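Participant: One structure, pasted below without further comment.
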Amino acid sequence: MVDLVIDGKNIQAKKGKTLLTVARENGIEIPTLCSHESVENSGACRLCVVEITKGERKKIVTSCLYTVEDGLVVDTKSERVLKVRRFVMQLLMAKCPTSDVVRDLAAKMGIAPEPRFKPNEDGKKCIFCRLCVKVCEEVVGVSALGFFSRGVDKGMGTPYREPSSVCIGCGSCAYICPTQQIVMSSTEDTRSICGKTFKMKACSVCGRYFAPEDQLAFISEKTGVSLEALSVCSSCR
Amino acid sequence: MSKINTLEALNKAAKKGQDALFPAKKIRIAVGMATNSIAAGARSVYEALAEELKNRNLKFELTQTGSMGFDSMEPLVDFVVPNKPRLSFGKATVEKVPVLLDQVVNLNLDTEQPFYRVDEQENILSGEKTKYIKGRIPKAFSGIPLMEDIPFYKKQVKIVTRNCGIINPGSMEEYIARGGYFALYKALTEMSPDQVIDEVIASGLRGRGGGGFPTGLKWRSCRDAKGSVKYVICNGDEGDPGAYMDRSVMEGDPHSVIEGMIIGAYAIGAKQGYIYVRNEYPLAVANLTKAIEQAKKAGLLGKNIFNSGFAFDIKINKGAGAFVCGESTALVASLEGKAGEPKAKYTHMVEHGLWDRPTNINNVETWNNVPVVIARGGGWFAQIGTKTSSGTKVFSLVGKVNNIGLVEVPMGTTIKEIVYDVGGGIAQGKTFKAVQTGGPSGGCIPGSLIDLPVGFDELGKAGSMMGSGGMIVMDNTTCMVDIAKYFVNFLAKESCGKCTPCREGIRRMRDILEDICAGKGQEGDIDLLKDMSDAMIDGSLCALGGSAPNPVLSTLRYFQEEYEAHIRDKKCAAGVCKALIKFRVVEDKCNGCGKCRKVCPTRAAKGLRKEVHEIDQALCIQCRACYEVCAFNAIIIE
């Protein structure tokens, strides 16, 4: 266990935990758009920055990556911290003016758009939080999504923007996407996501379409459970 | 190549190399063939020499070297006539080849004056000098200036570039003749790893990639880090626009980088090394590949080097040319086969680096300095340069300066000396305005600080940085807002795009700078740029984002009035920003020669022959063609 101070509050925390986790456990709210319990943190959005004091030195660090240390003094709402957060939110508002999530978070934080940043008109809502890419890689294990190019041209999607050959249609990316940039649409027996349409499997008991056939085949291959056993929906199991 | 595992074998190879460099019988012709030389036409000169030698049945030794650094005089061809001073001819052309050969054969130098002569050559690693001349200097040679008297070379001290332009980079013997691999022999047979590190600490050598971290301390941390598998990496991902120091070293003296790495690996306890070099440097890749093969064959890489029991190997990894891959965590990610994106640095590379193992990364120039430190001792090295920045620094001196090229000066040399003495002053008689150092993440040093000595701390205090050594000289026709825009635009494309402040922030900064240059700047833009810079410095994930506002901040610090003139008065005093300038004919200077009319692509320059011309502002696209062509200074920029 280590002793530290966050926003003037004396806190004991388990070694190895991040500042973000410990702050939240103690009722201190830190905004973030790219941290999710299912995947490793990347530190990409920069909203969760906090200011730490170590001896004489003050420093801005990423709370979702920085782990607790004995004697650390943390300020989650210092002037420098708020300046970074305001800048990040104004940049995201200009990048994704149609995103309710970004707009609502900014409103909650009391941040208005910077009039000098001309809002993008491409209608996209992706804030490059990386959650879709990470969940596809770390949780699903197929890496159907990734990044391409860099700088202002950086993009997210399937390789060459073509329907992915490895995507199983599980929808994890759509579920985890905080801004609804990735959309999944369904008919009774199909599901479309990331430019690809999947045939759904009907439950062998109740007949309800419940999962993409590709996903069931993938699970069967990974777990060794027979396709037959997997063709029963969770309600009938 | 026979094995070099003893001092005797090393001496034997040195003798062979020395005989090639200082031939006793055959005339040696060496053509500088680094990328910058080839761009100036060196390859065709080399081929013409080969052809002419064949036609005349002359049995001379024709060889290739790296670059001597003087780009404005390339291609440079050196002739070593046995027992005579080495002669260097500048701006060689295919047409001059027969004359050059005639002159050397007849020892008559009347037609093509050599650029300079070299009477003796110092070996930096041993401190010894070898004379080219035996007996008296022939009369024909005595009037030729010595290399050390040429202003471009006079203040230079060539330690890093000790072999560039002198040895054939493909000849390991020539490298050894210049003292190469003797430092490695000394380290492996006479010194413990700790003694090697102590020597590097004593030298005061600081990382030449830009950070300026003390090299010896980094090595010690890596040596002390837990783990049996450790790595050393050479960062050859030089990506600053206009900078080519590392390229020249890798091309012209590849063995020096390899030797430095072996010594470092021995000190740290690493068995595997990687050279990360961008694929846009094909000649560097080829020369390094060849040098590694030679070192392996000679037993200088592999198992039991110099019978010391120490084993080490090097692999080359070619990068795809992303600027951000020069950042250590992005470089390691790229080496691991992942996208070149940086990570937050809360763990240290020396503990958790490549494949999570302790890793020591140094830049090309740092590695190249290592054999010198070991051969001459840390104390000798520390006395060169300043107290806090020892040794020399290679700069690529480019821009509006007369002598363009690669220059190596002791730390502490002033900007004035570099620009005026080495660089020969500002081109076309214009006035010095600023010098940009440190690449896109660096900054501009104004003319008022011309007496600033170059060193890590001095440049940092002035709001710029040493970086890897780019030095772009600017004159009064350079617009500082335009320069800031150029570098910010470069960074907008080269940001890895992982974190919001860098990816989106630089882009917005670029938009505002573009507006200012286009006459659409708004009141409050300067404060906004400063605010954005603060947030980017604090909020970015890595050093690229953290230093990205530097071009804006340093130009604002010294040239804020130029920004204000652009925004408020819609004026660009340097006459660069097209939307803010007008070309006008001065009536009493124009004699109606019609040159402007002929070059104008949009027929904006109008007038009858021998009558005063005028420029139709509605048609003018500010291409400057009329301005450049007018012989009577009758066209002015307003």
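Starting from 1 in every chain, residues are counted up; chains themselves are A, B, ... following the order of the structure tokens, and ligands are numbered from 1 as listed.
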Using only C-alpha atoms, find each residue in chain B having at least one atom no more than 9 Å away from chain A; report its shortest atom-to-atom pair and that distance in Å (one decimal), rows by chain then rising number, as JSON lines.
Facilitator:
{"residue": "B:Ala322", "atom": "CA", "partner": "A:Arg150", "partner_atom": "CA", "distance": 8.7}
{"residue": "B:Ala339", "atom": "CA", "partner": "A:Phe147", "partner_atom": "CA", "distance": 8.6}
{"residue": "B:Lys343", "atom": "CA", "partner": "A:Ser42", "partner_atom": "CA", "distance": 7.8}
{"residue": "B:Ala344", "atom": "CA", "partner": "A:Gly43", "partner_atom": "CA", "distance": 7.4}
{"residue": "B:Tyr346", "atom": "CA", "partner": "A:Tyr66", "partner_atom": "CA", "distance": 6.7}
{"residue": "B:Leu491", "atom": "CA", "partner": "A:Gly151", "partner_atom": "CA", "distance": 7.6}
{"residue": "B:Ala492", "atom": "CA", "partner": "A:Gly151", "partner_atom": "CA", "distance": 5.4}
{"residue": "B:Lys493", "atom": "CA", "partner": "A:Gly151", "partner_atom": "CA", "distance": 4.5}
{"residue": "B:Glu494", "atom": "CA", "partner": "A:Gly151", "partner_atom": "CA", "distance": 5.3}
{"residue": "B:Ser495", "atom": "CA", "partner": "A:Gly151", "partner_atom": "CA", "distance": 4.3}
{"residue": "B:Cys496", "atom": "CA", "partner": "A:Arg150", "partner_atom": "CA", "distance": 4.9}
{"residue": "B:Gly497", "atom": "CA", "partner": "A:Gly151", "partner_atom": "CA", "distance": 4.6}
{"residue": "B:Lys498", "atom": "CA", "partner": "A:Ala44", "partner_atom": "CA", "distance": 5.7}
{"residue": "B:Cys499", "atom": "CA", "partner": "A:Ala44", "partner_atom": "CA", "distance": 4.3}
{"residue": "B:Thr500", "atom": "CA", "partner": "A:Cys45", "partner_atom": "CA", "distance": 5.5}
{"residue": "B:Pro501", "atom": "CA", "partner": "A:Val88", "partner_atom": "CA", "distance": 6.0}
{"residue": "B:Cys502", "atom": "CA", "partner": "A:Gly151", "partner_atom": "CA", "distance": 8.4}
{"residue": "B:Arg503", "atom": "CA", "partner": "A:Gly151", "partner_atom": "CA", "distance": 5.7}
{"residue": "B:Glu504", "atom": "CA", "partner": "A:Leu91", "partner_atom": "CA", "distance": 6.1}
{"residue": "B:Gly505", "atom": "CA", "partner": "A:Leu91", "partner_atom": "CA", "distance": 6.8}
{"residue": "B:Ile506", "atom": "CA", "partner": "A:Val152", "partner_atom": "CA", "distance": 8.7}
{"residue": "B:Arg507", "atom": "CA", "partner": "A:Val152", "partner_atom": "CA", "distance": 6.7}
{"residue": "B:Arg508", "atom": "CA", "partner": "A:Phe117", "partner_atom": "CA", "distance": 6.6}
{"residue": "B:Asp511", "atom": "CA", "partner": "A:Phe117", "partner_atom": "CA", "distance": 8.4}
{"residue": "B:Ile512", "atom": "CA", "partner": "A:Arg116", "partner_atom": "CA", "distance": 7.9}
{"residue": "B:Gln522", "atom": "CA", "partner": "A:Arg116", "partner_atom": "CA", "distance": 8.9}
{"residue": "B:Asp525", "atom": "CA", "partner": "A:Arg116", "partner_atom": "CA", "distance": 8.4}
{"residue": "B:Leu528", "atom": "CA", "partner": "A:Arg116", "partner_atom": "CA", "distance": 8.8}
{"residue": "B:Asp531", "atom": "CA", "partner": "A:Lys83", "partner_atom": "CA", "distance": 8.5}
{"residue": "B:Met532", "atom": "CA", "partner": "A:Phe87", "partner_atom": "CA", "distance": 7.1}
{"residue": "B:Asp534", "atom": "CA", "partner": "A:Val84", "partner_atom": "CA", "distance": 8.2}
{"residue": "B:Ala535", "atom": "CA", "partner": "A:Val84", "partner_atom": "CA", "distance": 4.8}
{"residue": "B:Met536", "atom": "CA", "partner": "A:Val84", "partner_atom": "CA", "distance": 7.3}
{"residue": "B:Asp538", "atom": "CA", "partner": "A:Ile60", "partner_atom": "CA", "distance": 6.1}
{"residue": "B:Gly539", "atom": "CA", "partner": "A:Val84", "partner_atom": "CA", "distance": 5.5}
{"residue": "B:Ser540", "atom": "CA", "partner": "A:Arg46", "partner_atom": "CA", "distance": 7.2}
{"residue": "B:Leu541", "atom": "CA", "partner": "A:Gly43", "partner_atom": "CA", "distance": 7.3}
Participant: Where does DSSP see helix (DSSP H, G or I) in range 39-214 of chain A, if you list the residues as a ChimeraX atom specification?
Facilitator: /A:79-95,100-109,131-140,151-153,159-161,172-176,213-214
Participant: Do you have the CA of Lys96 in chain B-CA of Met68 in chain B distance handy?
Facilitator: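 Answer for the CA of Lys96 in chain B to CA of Met68 in chain B separation: 20.0 Å.
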Participant: Which one is closest to Ala106 in chain A: A:Thr190, A:Asn41, A:Ser172, A:Thr32? Count only C-alpha atoms.
Facilitator: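 Checking each of A:Thr190, A:Asn41, A:Ser172, A:Thr32 against Ala106 in chain A, counting only C-alpha atoms, the winner is A:Thr32.
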Participant: Could you pull the residues within 9 Å of Val249 in chain B, counting only C-alpha atoms, minus those fewer than 2 positions along the same chain, as JSON, numbers by chain?
Facilitator: {"B": [66, 67, 160, 161, 163, 164, 244, 245, 246, 247, 251, 252, 253, 254, 256, 257, 284, 364, 365, 368]}
Participant: Output the selection as a PDB file, in the first residue's frame - N, CA, C and O atoms for each residue.
Facilitator:
ATOM      1  N   GLY B  66      33.336   9.152 -48.927  1.00  0.00           N
ATOM      2  CA  GLY B  66      32.129   9.874 -48.520  1.00  0.00           C
ATOM      3  C   GLY B  66      32.284  11.337 -48.902  1.00  0.00           C
ATOM      4  O   GLY B  66      33.047  11.676 -49.800  1.00  0.00           O
ATOM      5  N   SER B  67      31.610  12.205 -48.189  1.00  0.00           N
ATOM      6  CA  SER B  67      31.650  13.616 -48.559  1.00  0.00           C
ATOM      7  C   SER B  67      32.510  14.420 -47.595  1.00  0.00           C
ATOM      8  O   SER B  67      32.490  14.202 -46.393  1.00  0.00           O
ATOM      9  N   VAL B 160      33.861  13.762 -35.578  1.00  0.00           N
ATOM     10  CA  VAL B 160      32.794  12.862 -36.028  1.00  0.00           C
ATOM     11  C   VAL B 160      32.966  12.539 -37.508  1.00  0.00           C
ATOM     12  O   VAL B 160      32.834  11.393 -37.933  1.00  0.00           O
ATOM     13  N   THR B 161      33.307  13.560 -38.266  1.00  0.00           N
ATOM     14  CA  THR B 161      33.452  13.363 -39.708  1.00  0.00           C
ATOM     15  C   THR B 161      34.912  13.102 -40.081  1.00  0.00           C
ATOM     16  O   THR B 161      35.343  13.409 -41.181  1.00  0.00           O
ATOM     17  N   ASN B 163      36.573  10.616 -40.953  1.00  0.00           N
ATOM     18  CA  ASN B 163      36.901   9.768 -42.099  1.00  0.00           C
ATOM     19  C   ASN B 163      36.092  10.087 -43.350  1.00  0.00           C
ATOM     20  O   ASN B 163      36.384   9.563 -44.417  1.00  0.00           O
ATOM     21  N   CYS B 164      35.056  10.921 -43.181  1.00  0.00           N
ATOM     22  CA  CYS B 164      34.184  11.207 -44.324  1.00  0.00           C
ATOM     23  C   CYS B 164      34.960  11.970 -45.394  1.00  0.00           C
ATOM     24  O   CYS B 164      35.558  13.007 -45.104  1.00  0.00           O
ATOM     25  N   TYR B 244      21.209  16.342 -42.667  1.00  0.00           N
ATOM     26  CA  TYR B 244      21.751  15.095 -43.230  1.00  0.00           C
ATOM     27  C   TYR B 244      23.092  14.736 -42.613  1.00  0.00           C
ATOM     28  O   TYR B 244      23.953  14.153 -43.261  1.00  0.00           O
ATOM     29  N   MET B 245      23.256  15.081 -41.324  1.00  0.00           N
ATOM     30  CA  MET B 245      24.507  14.774 -40.638  1.00  0.00           C
ATOM     31  C   MET B 245      24.689  13.267 -40.512  1.00  0.00           C
ATOM     32  O   MET B 245      25.745  12.718 -40.827  1.00  0.00           O
ATOM     33  N   ASP B 246      23.656  12.613 -39.992  1.00  0.00           N
ATOM     34  CA  ASP B 246      23.761  11.181 -39.733  1.00  0.00           C
ATOM     35  C   ASP B 246      23.903  10.391 -41.032  1.00  0.00           C
ATOM     36  O   ASP B 246      24.633   9.412 -41.093  1.00  0.00           O
ATOM     37  N   ARG B 247      23.183  10.865 -42.052  1.00  0.00           N
ATOM     38  CA  ARG B 247      23.285  10.181 -43.342  1.00  0.00           C
ATOM     39  C   ARG B 247      24.728  10.198 -43.818  1.00  0.00           C
ATOM     40  O   ARG B 247      25.267   9.166 -44.233  1.00  0.00           O
ATOM     41  N   GLU B 251      26.977   6.941 -44.427  1.00  0.00           N
ATOM     42  CA  GLU B 251      27.457   6.690 -45.791  1.00  0.00           C
ATOM     43  C   GLU B 251      28.974   6.700 -45.866  1.00  0.00           C
ATOM     44  O   GLU B 251      29.575   5.863 -46.529  1.00  0.00           O
ATOM     45  N   GLY B 252      29.583   7.657 -45.195  1.00  0.00           N
ATOM     46  CA  GLY B 252      31.015   7.878 -45.368  1.00  0.00           C
ATOM     47  C   GLY B 252      31.900   7.139 -44.389  1.00  0.00           C
ATOM     48  O   GLY B 252      33.086   6.956 -44.642  1.00  0.00           O
ATOM     49  N   ASP B 253      31.327   6.718 -43.257  1.00  0.00           N
ATOM     50  CA  ASP B 253      32.156   6.080 -42.225  1.00  0.00           C
ATOM     51  C   ASP B 253      31.339   5.069 -41.420  1.00  0.00           C
ATOM     52  O   ASP B 253      31.218   5.187 -40.197  1.00  0.00           O
ATOM     53  N   PRO B 254      30.786   4.056 -42.096  1.00  0.00           N
ATOM     54  CA  PRO B 254      29.860   3.149 -41.398  1.00  0.00           C
ATOM     55  C   PRO B 254      30.506   2.360 -40.256  1.00  0.00           C
ATOM     56  O   PRO B 254      29.862   2.078 -39.256  1.00  0.00           O
ATOM     57  N   SER B 256      32.581   3.321 -38.099  1.00  0.00           N
ATOM     58  CA  SER B 256      32.711   4.062 -36.834  1.00  0.00           C
ATOM     59  C   SER B 256      31.457   3.869 -35.978  1.00  0.00           C
ATOM     60  O   SER B 256      31.538   3.816 -34.750  1.00  0.00           O
ATOM     61  N   VAL B 257      30.309   3.767 -36.629  1.00  0.00           N
ATOM     62  CA  VAL B 257      29.054   3.562 -35.898  1.00  0.00           C
ATOM     63  C   VAL B 257      29.051   2.152 -35.305  1.00  0.00           C
ATOM     64  O   VAL B 257      28.697   1.939 -34.140  1.00  0.00           O
ATOM     65  N   ALA B 284      23.202   4.739 -47.357  1.00  0.00           N
ATOM     66  CA  ALA B 284      23.583   4.479 -45.962  1.00  0.00           C
ATOM     67  C   ALA B 284      23.292   3.019 -45.620  1.00  0.00           C
ATOM     68  O   ALA B 284      24.119   2.343 -44.996  1.00  0.00           O
ATOM     69  N   VAL B 364      23.321   8.186 -34.197  1.00  0.00           N
ATOM     70  CA  VAL B 364      24.488   7.865 -35.027  1.00  0.00           C
ATOM     71  C   VAL B 364      25.739   8.633 -34.569  1.00  0.00           C
ATOM     72  O   VAL B 364      26.802   8.052 -34.355  1.00  0.00           O
ATOM     73  N   GLU B 365      25.570   9.948 -34.426  1.00  0.00           N
ATOM     74  CA  GLU B 365      26.719  10.794 -34.094  1.00  0.00           C
ATOM     75  C   GLU B 365      27.284  10.457 -32.705  1.00  0.00           C
ATOM     76  O   GLU B 365      28.498  10.517 -32.487  1.00  0.00           O
ATOM     77  N   ASN B 368      29.295   7.311 -33.024  1.00  0.00           N
ATOM     78  CA  ASN B 368      30.520   7.593 -33.773  1.00  0.00           C
ATOM     79  C   ASN B 368      31.589   8.250 -32.886  1.00  0.00           C
ATOM     80  O   ASN B 368      32.782   8.065 -33.098  1.00  0.00           O
TER      81      ASN B 368
END
Participant: Name the residues in contact with range 571-578 of chain B at a cut-off of 8 Å, using only C-alpha atoms, excluding same-chain residues fewer than 6 positions from it; report them as a list of chain:residue names.
Facilitator: B:Asn476, B:Thr477, B:Thr478, B:Cys479, B:Asp482, B:Cys517, B:Ala518, B:Glu562, B:Ala565, B:Ile621, B:Gln622, B:Ile637, B:Glu638
Participant: Which residues, written as a PyMOL selection string, have at least one atom at most 12 Å from range 135-145 of chain A, with only C-alpha atoms counted and residues fewer than 3 positions away on the same chain left out?
Facilitator: chain A and resi 34-41+129-132+148+155-177+182+193-196+215+218-219+222
Participant: Select from range 111-325 of chain B everything DSSP, run on the backbone, classes as strand (DSSP E or B), then give the selection as a PyMOL selection string.
Facilitator: chain B and resi 116-118+120-122+129-131+146+206+214+231-236+272-278+302+312-319
Participant: For range 288-299 of chain B, list every protein, DNA or RNA residue within 7 Å, evaluated using only C-alpha atoms, and leave out those in the same chain fewer than 2 positions away; present the list as a list in words.
Facilitator: Met1, Ser2, Lys3, Ile4, Asn5, Gly170, Met250, Pro254, His255, Ala284, Val285, Ala286, Leu301, Gly302 and Ile305 of chain B
Participant: In Å, rounded to a single decimal, give me how far CA of Val552 in chain B is from CA of Val473 in chain B.
Facilitator: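 So the two atoms, CA of Val473 in chain B and CA of Val552 in chain B, lie 17.1 Å apart.
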Participant: I'd like the neighbourhood of Arg24 in chain A as a ChimeraX atom specification, where a residue qualifies if any of its atoms comes within 12 Å (using only C-alpha atoms), though same-chain residues fewer than 2 positions away should be ignored.
Facilitator: /A:6,11,13,17-22,26-32,48,63-64,76
Participant: Choose the residue, out of A:Glu228, A:Glu221, A:Asp3, A:Glu213, that has the smallest atom-to-atom separation from Val68 in chain A; count only C-alpha atoms.
Facilitator: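 Ranked by minimum distance to Val68 in chain A, first place goes to A:Asp3.
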Participant: Find the distance between CA of Gln272 in chain B and CA of Asn307 in chain B and write it in Å to one decimal.
Facilitator: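 One can read the CA of Gln272 in chain B to CA of Asn307 in chain B distance as 18.1 Å.
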